[in-house]
file data-v6.txt (compact mmCIF, C-alpha atoms and all ligand atoms)
# COMPACT_ATOMS: atom_id res chain seq x y z
CA MET S 26 83.15 86.78 81.80
CA PHE S 27 82.90 86.63 78.00
CA GLU S 28 85.60 85.92 75.45
CA ILE S 29 86.07 85.99 71.71
CA ILE S 30 86.80 82.84 69.74
CA VAL S 31 87.16 81.83 66.11
CA THR S 32 86.59 78.41 64.62
CA ILE S 33 89.67 77.18 62.86
CA CYS S 34 89.65 74.16 60.54
CA LEU S 35 92.18 72.16 58.57
CA VAL S 36 91.95 73.21 54.93
CA GLY S 37 92.64 69.65 53.77
CA ASP S 38 90.00 68.14 56.10
CA PRO S 39 87.28 70.68 57.03
CA ASP S 40 85.77 68.26 59.58
CA ILE S 41 88.83 68.79 61.78
CA CYS S 42 88.15 72.03 63.63
CA ARG S 43 88.48 73.64 67.03
CA SER S 44 87.48 76.91 68.71
CA GLN S 45 90.54 79.07 69.19
CA LEU S 46 90.65 81.83 71.77
CA ILE S 47 91.51 85.35 70.63
CA PRO S 48 92.94 86.55 73.92
CA GLY S 49 92.86 90.12 75.14
CA HIS S 50 89.19 90.93 74.55
CA GLU S 51 87.55 89.60 77.72
CA THR S 52 84.53 91.53 78.96
CA HIS S 53 82.06 91.24 81.82
CA ARG S 54 78.94 91.62 79.67
CA LEU S 55 77.94 89.98 76.41
CA ASP S 56 76.99 93.27 74.73
CA GLN S 57 80.46 94.67 75.52
CA CYS S 58 81.99 91.63 73.85
CA GLU S 59 79.73 91.83 70.81
CA SER S 60 80.59 95.48 70.27
CA LYS S 61 84.19 94.37 69.61
CA LEU S 62 83.31 91.79 66.98
CA THR S 63 82.90 94.10 64.00
CA ASP S 64 86.35 95.48 64.52
CA ILE S 65 87.92 92.03 64.91
CA ASN S 66 86.10 90.57 61.90
CA SER S 67 87.20 93.50 59.75
CA ARG S 68 90.83 92.58 60.34
CA SER S 69 92.14 89.47 58.69
CA LEU S 70 93.24 87.10 61.40
CA THR S 71 96.40 85.29 60.67
CA ILE S 72 97.15 82.02 62.29
CA ASN S 73 100.65 80.74 61.85
CA GLU S 74 99.84 77.85 59.59
CA ALA S 75 98.92 78.10 55.93
CA GLU S 76 96.81 74.95 56.05
CA ILE S 77 94.33 76.41 58.57
CA SER S 78 91.14 78.25 57.61
CA VAL S 79 89.77 80.83 60.04
CA GLY S 80 86.04 81.49 60.53
CA ARG S 81 84.32 84.60 61.84
CA ALA S 82 84.88 85.73 65.41
CA ALA S 83 82.13 85.12 67.97
CA CYS S 84 81.50 85.82 71.64
CA ARG S 85 80.84 83.17 74.23
CA GLU S 86 80.91 82.74 77.96
CA MET S 87 84.44 81.97 79.06
CA PRO S 88 84.84 78.30 80.02
CA ASP S 89 86.72 77.28 83.15
CA GLY S 90 90.48 77.57 82.96
CA LEU S 91 93.20 75.34 84.38
CA SER S 92 93.18 74.73 88.11
CA LEU S 93 95.72 76.96 89.85
CA ILE S 94 96.71 76.50 93.49
CA GLU S 95 97.93 79.57 95.40
CA VAL S 96 100.92 78.20 97.30
CA GLU S 97 102.13 81.56 98.66
CA PRO S 98 100.55 84.99 98.24
CA GLY S 99 100.88 85.83 94.55
CA VAL S 100 102.43 82.47 93.61
CA PHE S 101 100.20 80.00 91.80
CA VAL S 102 100.99 76.50 90.58
CA HIS S 103 99.25 74.14 88.21
CA LEU S 104 99.93 70.41 88.51
CA GLY S 105 100.22 68.74 85.12
CA ALA S 106 98.96 65.18 84.69
CA ILE S 107 101.43 62.37 85.32
CA ASP S 108 100.82 61.00 81.86
CA GLU S 109 101.92 61.13 78.25
CA PRO S 110 100.30 63.79 76.10
CA ASN S 111 97.08 62.29 74.70
CA PRO S 112 93.78 63.41 73.14
CA SER S 113 92.12 63.84 76.54
CA ASN S 114 94.81 65.82 78.39
CA LEU S 115 95.91 67.67 75.23
CA GLY S 116 99.42 68.07 76.55
CA ASP S 117 98.57 69.23 80.06
CA VAL S 118 101.33 67.03 81.47
CA SER S 119 103.83 69.46 82.98
CA ASN S 120 103.71 71.92 85.84
CA ILE S 121 103.08 75.62 85.32
CA GLY S 122 103.76 78.61 87.58
CA VAL S 123 102.19 82.06 87.71
CA VAL S 124 103.80 84.83 89.76
CA ILE S 125 101.94 88.08 90.32
CA GLY S 126 103.74 91.28 91.31
CA GLU S 127 102.32 94.74 92.03
CA SER S 128 102.40 95.77 88.39
CA GLU S 129 102.71 92.72 86.16
CA ILE S 130 102.49 88.95 85.88
CA ALA S 131 105.03 86.33 84.83
CA VAL S 132 104.13 82.85 83.64
CA ILE S 133 106.58 79.97 84.01
CA ASP S 134 106.05 77.31 81.33
CA THR S 135 102.86 76.92 79.35
CA GLY S 136 101.94 73.26 78.81
CA GLY S 137 102.05 71.21 75.64
CA SER S 138 99.47 72.75 73.29
CA ARG S 139 97.71 75.97 72.35
CA LYS S 140 94.66 74.65 74.24
CA VAL S 141 96.60 74.37 77.52
CA GLY S 142 97.91 77.90 76.99
CA GLU S 143 94.36 79.17 76.43
CA ASP S 144 93.08 77.46 79.58
CA LEU S 145 96.01 78.86 81.52
CA TYR S 146 95.25 82.34 80.20
CA ARG S 147 91.58 81.96 81.25
CA ALA S 148 92.62 80.88 84.75
CA ILE S 149 94.95 83.88 85.12
CA ARG S 150 92.24 86.30 83.93
CA THR S 151 89.91 85.12 86.69
CA ILE S 152 92.61 85.93 89.27
CA SER S 153 94.04 89.23 88.03
CA ASP S 154 93.72 91.67 85.15
CA LEU S 155 97.32 92.91 85.45
CA HIS S 156 99.43 92.78 82.28
CA ILE S 157 101.01 89.39 81.61
CA SER S 158 104.41 90.76 80.66
CA THR S 159 106.63 87.71 80.41
CA VAL S 160 106.50 84.00 79.73
CA ILE S 161 109.59 82.23 81.02
CA LEU S 162 110.25 78.87 79.38
CA THR S 163 112.34 76.58 81.58
CA HIS S 164 113.65 74.57 78.61
CA MET S 165 113.01 73.28 75.12
CA HIS S 166 110.74 70.29 75.65
CA PRO S 167 107.40 70.51 73.86
CA ASP S 168 105.25 69.75 76.91
CA HIS S 169 106.50 73.03 78.43
CA VAL S 170 106.52 75.45 75.52
CA TYR S 171 103.54 74.96 73.21
CA GLY S 172 101.04 77.13 75.13
CA ALA S 173 103.22 80.24 74.86
CA SER S 174 101.71 81.58 71.63
CA VAL S 175 98.55 82.66 73.49
CA PHE S 176 100.60 85.03 75.62
CA ALA S 177 102.65 86.27 72.67
CA ASP S 178 99.28 87.26 71.14
CA VAL S 179 98.68 89.68 74.04
CA GLY S 180 102.17 91.15 73.91
CA ALA S 181 104.02 89.05 76.47
CA LYS S 182 107.74 88.61 75.95
CA ILE S 183 108.70 84.97 75.60
CA VAL S 184 112.10 84.34 77.20
CA GLY S 185 114.39 81.42 77.97
CA HIS S 186 117.95 80.08 77.86
CA PRO S 187 120.11 81.85 75.25
CA ASP S 188 120.24 78.61 73.22
CA LEU S 189 116.51 77.93 73.45
CA LYS S 190 115.51 79.60 70.22
CA ARG S 191 118.01 77.64 68.18
CA ALA S 192 117.04 74.40 69.91
CA LEU S 193 113.37 74.99 69.07
CA GLN S 194 114.25 75.83 65.48
CA ASP S 195 116.21 72.59 65.22
CA ARG S 196 113.61 70.36 66.83
CA GLY S 197 110.38 72.22 66.04
CA GLU S 198 109.37 70.10 63.09
CA ALA S 199 109.89 66.83 64.93
CA TYR S 200 108.09 68.14 68.04
CA HIS S 201 105.14 69.31 65.96
CA ALA S 202 104.77 65.97 64.18
CA GLY S 203 105.18 63.97 67.40
CA PHE S 204 102.74 66.00 69.50
CA SER S 205 100.17 66.31 66.72
CA ASN S 206 100.26 62.54 66.48
CA LEU S 207 99.89 61.99 70.24
CA MET S 208 97.01 64.46 70.65
CA THR S 209 95.34 63.92 67.24
CA PRO S 210 95.39 66.73 64.65
CA ALA S 211 92.11 68.19 66.00
CA GLY S 212 93.47 68.57 69.53
CA PHE S 213 96.72 70.11 68.37
CA LEU S 214 95.18 72.37 65.72
CA GLY S 215 96.38 75.98 65.91
CA THR S 216 99.39 75.07 68.04
CA ALA S 217 102.63 76.73 66.99
CA LEU S 218 105.89 77.64 68.67
CA ALA S 219 106.39 81.19 69.92
CA MET S 220 110.09 81.90 69.52
CA PRO S 221 111.86 83.08 72.67
CA GLU S 222 114.53 85.67 73.22
CA PRO S 223 117.34 85.32 75.78
CA ALA S 224 116.03 85.83 79.32
CA PRO S 225 117.24 88.70 81.50
CA SER S 226 118.96 87.62 84.73
CA THR S 227 116.31 89.35 86.85
CA LEU S 228 112.72 90.33 86.26
CA ASP S 229 110.94 92.95 88.37
CA LEU S 230 107.17 92.42 88.49
CA GLY S 231 106.66 95.38 90.83
CA GLU S 232 107.70 94.84 94.47
CA ARG S 233 108.61 91.32 93.45
CA VAL S 234 111.86 90.29 91.77
CA LEU S 235 112.54 86.99 90.05
CA ASP S 236 116.06 85.63 89.46
CA LEU S 237 116.40 83.74 86.18
CA ASP S 238 119.41 81.42 86.16
CA VAL S 239 120.67 79.54 83.13
CA TRP S 240 122.41 76.20 83.68
CA PRO S 241 125.13 74.27 81.85
CA THR S 242 123.72 71.23 80.01
CA ALA S 243 121.91 69.05 82.55
CA HIS S 244 118.36 67.70 81.99
CA SER S 245 118.55 69.37 78.59
CA PRO S 246 120.95 71.80 76.87
CA THR S 247 118.58 74.71 77.62
CA ASP S 248 117.69 74.56 81.34
CA LEU S 249 116.72 77.70 83.23
CA THR S 250 115.35 78.08 86.77
CA VAL S 251 113.25 80.86 88.30
CA PHE S 252 113.66 81.97 91.91
CA ASP S 253 111.05 84.23 93.50
CA ARG S 254 112.94 86.32 96.07
CA THR S 255 109.72 87.21 97.92
CA SER S 256 108.51 83.70 98.70
CA GLY S 257 111.81 81.83 98.32
CA ILE S 258 110.14 79.41 95.91
CA LEU S 259 112.35 77.96 93.18
CA PHE S 260 110.75 76.80 89.92
CA THR S 261 113.18 74.15 88.75
CA GLY S 262 111.64 73.16 85.44
CA ASP S 263 112.72 69.62 84.58
CA LEU S 264 115.90 69.88 86.63
CA VAL S 265 113.61 68.15 89.15
CA PHE S 266 111.19 65.33 88.46
CA HIS S 267 108.94 63.88 91.13
CA GLU S 268 106.93 60.66 90.66
CA TYR S 269 106.98 61.17 86.87
CA ALA S 270 109.95 59.25 85.42
CA PRO S 271 112.93 61.52 84.71
CA ALA S 272 113.95 62.05 81.09
CA LEU S 273 117.64 62.62 80.36
CA ASP S 274 118.16 64.72 77.24
CA GLY S 275 121.37 66.53 78.16
CA SER S 276 124.21 65.31 80.36
CA LEU S 277 124.00 62.86 83.25
CA ARG S 278 127.06 64.28 84.96
CA GLY S 279 125.93 67.83 84.25
CA TRP S 280 122.54 67.11 85.77
CA ARG S 281 124.01 65.62 88.94
CA THR S 282 126.29 68.64 89.34
CA ALA S 283 123.39 71.03 88.74
CA LEU S 284 121.35 69.37 91.50
CA ASP S 285 124.23 69.83 93.95
CA MET S 286 124.57 73.48 92.96
CA MET S 287 120.83 74.07 93.15
CA ALA S 288 120.93 73.33 96.89
CA GLU S 289 122.92 76.55 97.31
CA LYS S 290 119.86 78.55 96.28
CA ARG S 291 118.39 77.80 99.72
CA ALA S 292 114.84 77.76 98.43
CA THR S 293 111.97 77.46 100.90
CA TYR S 294 110.17 75.16 98.48
CA ILE S 295 110.70 73.94 94.97
CA VAL S 296 108.20 73.46 92.17
CA PRO S 297 109.41 70.61 89.93
CA GLY S 298 108.68 70.30 86.22
CA HIS S 299 106.58 67.20 86.84
CA GLY S 300 104.93 65.85 90.00
CA GLY S 301 104.79 67.64 93.33
CA PRO S 302 103.78 70.36 92.66
CA VAL S 303 105.39 71.85 95.81
CA LEU S 304 108.26 70.02 97.45
CA GLU S 305 110.60 70.47 100.34
CA PRO S 306 113.94 71.20 98.62
CA VAL S 307 116.10 68.40 100.06
CA ALA S 308 113.60 65.55 100.41
CA GLY S 309 111.88 66.54 97.17
CA VAL S 310 115.04 66.06 95.11
CA ALA S 311 116.24 62.90 96.88
CA PRO S 312 114.43 60.35 94.65
CA LEU S 313 115.80 61.98 91.49
CA LYS S 314 119.32 62.11 92.93
CA GLN S 315 119.04 58.43 93.76
CA TYR S 316 117.84 57.57 90.24
CA LEU S 317 120.64 59.50 88.55
CA GLY S 318 123.17 57.91 90.92
CA VAL S 319 121.92 54.43 90.01
CA LEU S 320 122.01 55.32 86.32
CA GLU S 321 125.66 56.35 86.59
CA ALA S 322 126.73 53.40 88.75
CA ASP S 323 124.96 50.85 86.54
CA THR S 324 126.43 52.40 83.40
CA ARG S 325 129.97 52.32 84.80
CA SER S 326 129.50 48.70 85.85
CA ALA S 327 128.24 47.76 82.36
CA LEU S 328 131.18 49.54 80.73
CA GLU S 329 133.68 47.83 83.03
CA ARG S 330 132.22 44.47 82.12
CA GLY S 331 132.51 45.33 78.46
CA LEU S 332 128.76 45.12 77.72
CA ARG S 333 127.66 46.47 74.37
CA ILE S 334 125.08 49.23 74.43
CA GLY S 335 122.22 46.91 73.44
CA GLU S 336 122.91 44.59 76.38
CA ALA S 337 123.72 47.40 78.78
CA VAL S 338 120.44 49.28 78.35
CA GLU S 339 118.59 46.07 79.28
CA GLU S 340 119.90 46.38 82.83
CA ILE S 341 120.88 50.02 83.48
CA GLY S 342 118.54 51.71 85.97
CA LYS S 343 116.12 48.76 86.14
CA SER S 344 116.21 48.57 89.97
CA GLU S 345 114.45 51.96 90.01
CA ALA S 346 111.37 50.78 88.08
CA GLU S 347 109.09 50.65 91.12
CA ASN S 348 109.85 54.22 92.13
CA TRP S 349 108.53 56.04 89.05
CA GLU S 350 105.42 56.37 86.92
CA LEU S 351 105.93 55.93 83.15
CA PHE S 352 109.31 54.32 83.85
CA GLU S 353 109.34 52.09 80.77
CA LEU S 354 108.73 55.06 78.54
CA PHE S 355 111.93 56.84 79.57
CA ASN S 356 114.49 54.55 81.21
CA THR S 357 115.85 52.86 78.09
CA ARG S 358 116.52 56.17 76.43
CA ASN S 359 118.10 57.53 79.62
CA ALA S 360 120.34 54.45 79.75
CA THR S 361 121.35 55.03 76.13
CA VAL S 362 122.26 58.66 76.79
CA SER S 363 124.15 57.70 79.94
CA TYR S 364 126.10 54.90 78.19
CA THR S 365 127.03 57.13 75.26
CA GLU S 366 128.18 59.92 77.59
CA LEU S 367 130.25 57.80 79.97
CA GLU S 368 131.70 55.54 77.27
CA TRP S 369 133.90 58.39 76.02
CA GLU S 370 135.23 59.64 79.32
ZN ZN Y 401 111.96 68.29 79.92
call {"tool": "encode", "arguments": {"input": "data-v6.txt", "output": "C-alpha cells"}}
result
Amino acid sequence: MFEIIVTICLVGDPDICRSQLIPGHETHRLDQCESKLTDINSRSLTINEAEISVGRAACREMPDGLSLIEVEPGVFVHLGAIDEPNPSNLGDVSNIGVVIGESEIAVIDTGGSRKVGEDLYRAIRTISDLHISTVILTHMHPDHVYGASVFADVGAKIVGHPDLKRALQDRGEAYHAGFSNLMTPAGFLGTALAMPEPAPSTLDLGERVLDLDVWPTAHSPTDLTVFDRTSGILFTGDLVFHEYAPALDGSLRGWRTALDMMAEKRATYIVPGHGGPVLEPVAGVAPLKQYLGVLEADTRSALERGLRIGEAVEEIGKSEAENWELFELFNTRNATVSYTELEWE
C-alpha cells in the first residue's frame, strides 16, 4: 500500500524535521497515489502550529504500523511499552484498542504522540478499510490522547468524559512542554491535541454496540470505560494498571470505589491502560487493589502518628516497590495525593 506524506520542519531550526502522514489517501498502486498529489499540493496544508513549515506532499510505500493482537473477532489490542515516553518509543507507552463493527470502526486511546497515532492508523488500514468513525479517549493523560489528531484528520469524532475537553485545555500547555522534552522536539513535531466532545452513552458500530461509562473522579477526574457487548471485553483505561506502576491523579477513595463497582460489569476480560494487555477481571485487578489498599492504610497510619507530609511520603506505599515497574517514578506523587486527600477527611 502507498501513502502520502509531507516533510514538516521547525521554522526556528530547519534541521528538526519529520515525515508526517496525510491520512485518508492510501492506494494500492504508486501511480494511483501520485495522481492525487497535484490536488493535495494545490491546497495549502495547515498544521496546527505556527512554528512548523510544511513541504510538498509525496508518495511512499506505507511503513509497518503498530502491532495489533486480535483478542476476539473484531477486537484488537496494542500493548504499549512499560516505559516512560522517550525518543525511541515516542510515547508508545499505553494500551490501545480497536473495535470493528459491520459498518464502522472505533479506536480506544491513541498513544502519546502524532507518530503513534499515524502508526496506529497504518495498522488499522491493513486490517480494514471501514470508516473509522470514533476515537474514544479514556481520560486526559497525554500518553493516551496525543495520537488522536490523525483520526480527526479523516473525520473521526473524538469523544470522552464531559470534563475532558476542559481538562485538556487546562493542562495542554504543560503536557506539550513535558512530552516534547521527553521525546525530543523532532520526535514530537506535529503533535497537537484534538479536542474531544462529550461521549454518547452507547455507540453502534453496526451489529456491535459499545457502552461508554463515565466515572466519578478515580484515577483521574476524567475516567471513562468502554464495554463491548459482543465480546464482553471491558477497556478500563487507567482505572486498571498491570505491572506498570499506578499513577494517582484523582481520588484514592474514588478509585477504590470505582474498582469495586467495575466488578459489576461482569466483563469476560479486561484491557488495562498499561500492562496486560488482556486480563482476567478479578485476578487482573488484584495487584492494583492491593497497592491502593496499602496506600490508604499507610497514609492513615502516618496521619495517626502525626507525620508531616515530607516524612510520610518517605514511607507510604514503599512495601509495594517490588511489585511494580517504574515504581520510583510514581509512588512519591501517589503518596502525596493520598496524604493530601485523607488529611482533610
Ligand atoms: Zn492515566
call {"tool": "closest_residue", "arguments": {"input": "data-v6.txt", "among": "S:Asp108, S:Asp195, S:Asp248, S:Asp89", "to": "His164 in chain S", "atoms": "only C-alpha atoms"}}
result
S:Asp248
call {"tool": "closest_atom_pairs", "arguments": {"input": "data-v6.txt", "of": "chain S", "to": "ligand ZN 401 (chain Y)", "cutoff": "8 Å", "atoms": "only C-alpha atoms and all ligand atoms", "output": "Markdown table"}}
result
| residue | atom | partner | partner_atom | distance |
| --- | --- | --- | --- | --- |
| S:His164 | CA | Y:ZN401 | ZN | 6.6 |
| S:Met165 | CA | Y:ZN401 | ZN | 7.0 |
| S:His166 | CA | Y:ZN401 | ZN | 4.9 |
| S:Pro167 | CA | Y:ZN401 | ZN | 7.9 |
| S:Asp168 | CA | Y:ZN401 | ZN | 7.5 |
| S:His169 | CA | Y:ZN401 | ZN | 7.4 |
| S:His244 | CA | Y:ZN401 | ZN | 6.8 |
| S:Ser245 | CA | Y:ZN401 | ZN | 6.8 |
| S:Gly262 | CA | Y:ZN401 | ZN | 7.4 |
| S:Asp263 | CA | Y:ZN401 | ZN | 4.9 |
| S:Leu264 | CA | Y:ZN401 | ZN | 7.9 |
| S:Ala272 | CA | Y:ZN401 | ZN | 6.7 |
| S:Asp274 | CA | Y:ZN401 | ZN | 7.6 |
| S:Gly298 | CA | Y:ZN401 | ZN | 7.4 |
call {"tool": "closest_residue", "arguments": {"input": "data-v6.txt", "among": "S:Glu97, S:Asp285, S:Glu336, S:Glu28", "to": "Glu143 in chain S", "atoms": "only C-alpha atoms"}}
result
S:Glu28
call {"tool": "residues_around", "arguments": {"input": "data-v6.txt", "residues": "range 203-219 of chain S", "least_positions_apart": "5", "cutoff": "10 Å", "atoms": "all atoms listed in the file", "output": "PyMOL selection string"}}
result
chain S and resi 33-35+40-45+72-74+76-77+109-116+137-142+167-168+170-178+182-184+190+193-194+197-198
call {"tool": "residues_around", "arguments": {"input": "data-v6.txt", "residues": "Ala224 in chain S", "least_positions_apart": "4", "cutoff": "9 Å", "atoms": "only C-alpha atoms", "output": "ChimeraX atom specification"}}
result
/S:161,183-187,228,237-239
call {"tool": "decode", "arguments": {"input": "data-v6.txt", "residues": "range 132-157 of chain S", "atoms": "N, CA and C atoms", "output": "short mmCIF file (atom, residue, chain, number, x, y, z; two decimals), in the first residue's frame"}}
result
data_model
loop_
_atom_site.label_atom_id
_atom_site.label_comp_id
_atom_site.auth_asym_id
_atom_site.auth_seq_id
_atom_site.Cartn_x
_atom_site.Cartn_y
_atom_site.Cartn_z
N VAL S 132 -11.82 3.47 17.81
CA VAL S 132 -10.48 3.37 18.38
C VAL S 132 -10.57 3.81 19.83
N ILE S 133 -9.91 3.08 20.72
CA ILE S 133 -9.93 3.43 22.14
C ILE S 133 -8.50 3.80 22.56
N ASP S 134 -8.30 5.07 22.78
CA ASP S 134 -6.99 5.68 23.09
C ASP S 134 -6.04 5.61 21.88
N THR S 135 -5.03 6.50 21.92
CA THR S 135 -4.28 6.73 20.69
C THR S 135 -2.78 6.90 20.91
N GLY S 136 -2.27 6.58 22.10
CA GLY S 136 -0.84 6.74 22.33
C GLY S 136 -0.45 8.19 22.57
N GLY S 137 0.86 8.40 22.76
CA GLY S 137 1.35 9.66 23.28
C GLY S 137 1.98 10.62 22.30
N SER S 138 1.79 10.41 21.00
CA SER S 138 2.32 11.37 20.02
C SER S 138 1.58 11.20 18.70
N ARG S 139 1.73 12.18 17.83
CA ARG S 139 1.20 12.07 16.47
C ARG S 139 1.75 10.80 15.79
N LYS S 140 3.03 10.52 15.99
CA LYS S 140 3.67 9.36 15.36
C LYS S 140 2.98 8.06 15.76
N VAL S 141 2.63 7.90 17.03
CA VAL S 141 1.93 6.68 17.46
C VAL S 141 0.56 6.62 16.79
N GLY S 142 -0.12 7.75 16.72
CA GLY S 142 -1.42 7.80 16.04
C GLY S 142 -1.29 7.39 14.57
N GLU S 143 -0.25 7.86 13.91
CA GLU S 143 -0.04 7.51 12.50
C GLU S 143 0.21 6.00 12.35
N ASP S 144 1.05 5.46 13.22
CA ASP S 144 1.34 4.02 13.13
C ASP S 144 0.11 3.18 13.48
N LEU S 145 -0.71 3.70 14.37
CA LEU S 145 -1.97 3.01 14.67
C LEU S 145 -2.90 3.05 13.46
N TYR S 146 -2.99 4.21 12.84
CA TYR S 146 -3.82 4.35 11.64
C TYR S 146 -3.36 3.36 10.55
N ARG S 147 -2.04 3.29 10.34
CA ARG S 147 -1.49 2.36 9.32
C ARG S 147 -1.89 0.91 9.65
N ALA S 148 -1.78 0.55 10.92
CA ALA S 148 -2.11 -0.82 11.31
C ALA S 148 -3.59 -1.11 11.05
N ILE S 149 -4.45 -0.14 11.35
CA ILE S 149 -5.89 -0.35 11.13
C ILE S 149 -6.16 -0.50 9.63
N ARG S 150 -5.50 0.31 8.81
CA ARG S 150 -5.76 0.27 7.36
C ARG S 150 -5.35 -1.06 6.74
N THR S 151 -4.40 -1.77 7.36
CA THR S 151 -4.05 -3.08 6.82
C THR S 151 -5.06 -4.16 7.22
N ILE S 152 -5.91 -3.85 8.20
CA ILE S 152 -6.91 -4.81 8.67
C ILE S 152 -8.26 -4.59 7.98
N SER S 153 -8.65 -3.31 7.84
CA SER S 153 -10.00 -3.00 7.37
C SER S 153 -10.01 -1.63 6.71
N ASP S 154 -10.85 -1.48 5.68
CA ASP S 154 -10.99 -0.13 5.12
C ASP S 154 -12.32 0.51 5.50
N LEU S 155 -13.01 -0.04 6.51
CA LEU S 155 -14.22 0.61 7.01
C LEU S 155 -13.88 1.99 7.59
N HIS S 156 -14.88 2.85 7.65
CA HIS S 156 -14.72 4.20 8.19
C HIS S 156 -14.37 4.14 9.69
N ILE S 157 -13.35 4.87 10.05
CA ILE S 157 -13.01 5.00 11.48
C ILE S 157 -13.84 6.17 11.99
#
